[in-house]
Amino acid sequence: MIELSKDVILNWVKELNLDTWGPTEVQWNDEFHRVHIIVGEGMKQSSREYIEGVVAKNIETKVIAADEAEEFLKHLYVTDYAQED
């Protein structure tokens, strides 16, 4: 099973092409956990559901432990891309 780290999360986000709309911010260390993914306008909910589905499959296939997955989802923020006027 993988252990979550900043690099592991960034690589996973890139493999799923979740970094295509805007910057992805990952802060993952002993003191602070935060993952912020920016997606296309109006795609926040569907993207969050997609990520949760992938995480659930990773738990089933024992890629990640359930407690690590829960920690990831608890600190995951998915927001819509908003173009500046």
# chains A, B, ... in the order shown; residues from 1 in each chain; ligands from 1
$ select_by_dssp --residues "chain A" --states "alpha helix (DSSP H)" --output "number ranges by chain"
A: 6-15, 44-60, 66-74
$ atom_distance --atom1 "CA of Gly40 (chain A)" --atom2 "CA of Val13 (chain A)"
14.8 Å
$ residues_around --residues "region 21-26 of chain A" --least-positions-apart "5" --cutoff "7 Å" --atoms "only C-alpha atoms" --output "mmCIF file with N, CA and C atoms, in the first residue's frame"
data_model
loop_
_atom_site.group_PDB
_atom_site.id
_atom_site.type_symbol
_atom_site.label_atom_id
_atom_site.label_comp_id
_atom_site.auth_asym_id
_atom_site.auth_seq_id
_atom_site.Cartn_x
_atom_site.Cartn_y
_atom_site.Cartn_z
ATOM 1 N N LYS A 6 3.272 14.417 -0.509
ATOM 2 C CA LYS A 6 3.018 15.458 -1.505
ATOM 3 C C LYS A 6 3.283 14.939 -2.920
ATOM 4 N N LEU A 10 0.543 14.529 -5.945
ATOM 5 C CA LEU A 10 0.723 15.284 -7.196
ATOM 6 C C LEU A 10 0.771 14.358 -8.404
ATOM 7 N N ARG A 34 -3.539 19.436 2.986
ATOM 8 C CA ARG A 34 -4.504 20.161 2.156
ATOM 9 C C ARG A 34 -4.218 19.839 0.695
ATOM 10 N N VAL A 35 -5.281 19.488 -0.022
ATOM 11 C CA VAL A 35 -5.196 19.256 -1.455
ATOM 12 C C VAL A 35 -6.288 20.094 -2.096
ATOM 13 N N HIS A 36 -5.890 21.018 -2.968
ATOM 14 C CA HIS A 36 -6.845 21.899 -3.642
ATOM 15 C C HIS A 36 -6.716 21.687 -5.143
ATOM 16 N N ILE A 37 -7.821 21.242 -5.758
ATOM 17 C CA ILE A 37 -7.844 20.983 -7.188
ATOM 18 C C ILE A 37 -8.873 21.911 -7.827
ATOM 19 N N ILE A 38 -8.449 22.623 -8.864
ATOM 20 C CA ILE A 38 -9.345 23.522 -9.588
ATOM 21 C C ILE A 38 -9.787 22.813 -10.862
ATOM 22 N N VAL A 39 -11.105 22.757 -11.075
ATOM 23 C CA VAL A 39 -11.660 22.065 -12.244
ATOM 24 C C VAL A 39 -12.463 23.059 -13.083
ATOM 25 N N GLY A 40 -12.943 22.609 -14.231
ATOM 26 C CA GLY A 40 -13.713 23.458 -15.126
ATOM 27 C C GLY A 40 -14.991 23.977 -14.490
ATOM 28 N N TYR A 81 -13.116 26.503 -11.721
ATOM 29 C CA TYR A 81 -12.280 27.529 -12.320
ATOM 30 C C TYR A 81 -13.146 28.752 -12.582
#
$ select_by_dssp --residues "chain A" --states "strand (DSSP E)" --output "PyMOL selection string"
chain A and resi 25-28+33-39+76-80
$ residues_around --residues "Ala65 (chain A)" --least-positions-apart "5" --cutoff "9 Å" --atoms "only C-alpha atoms" --output "PyMOL selection string"
chain A and resi 1-3+58-59+70
$ closest_residue --among "A:Ile64, A:Leu16, A:Ala56, A:Ile9" --to "Leu76 (chain A)" --atoms "only C-alpha atoms"
A:Ile9
$ closest_residue --among "A:Lys14, A:His75, A:Glu41, A:Ala69" --to "Val54 (chain A)" --atoms "only C-alpha atoms"
A:Ala69
$ atom_distance --atom1 "CA of Asp80 (chain A)" --atom2 "CA of Gly42 (chain A)"
6.2 Å
$ atom_distance --atom1 "CA of Glu49 (chain A)" --atom2 "CA of Asp7 (chain A)"
22.6 Å
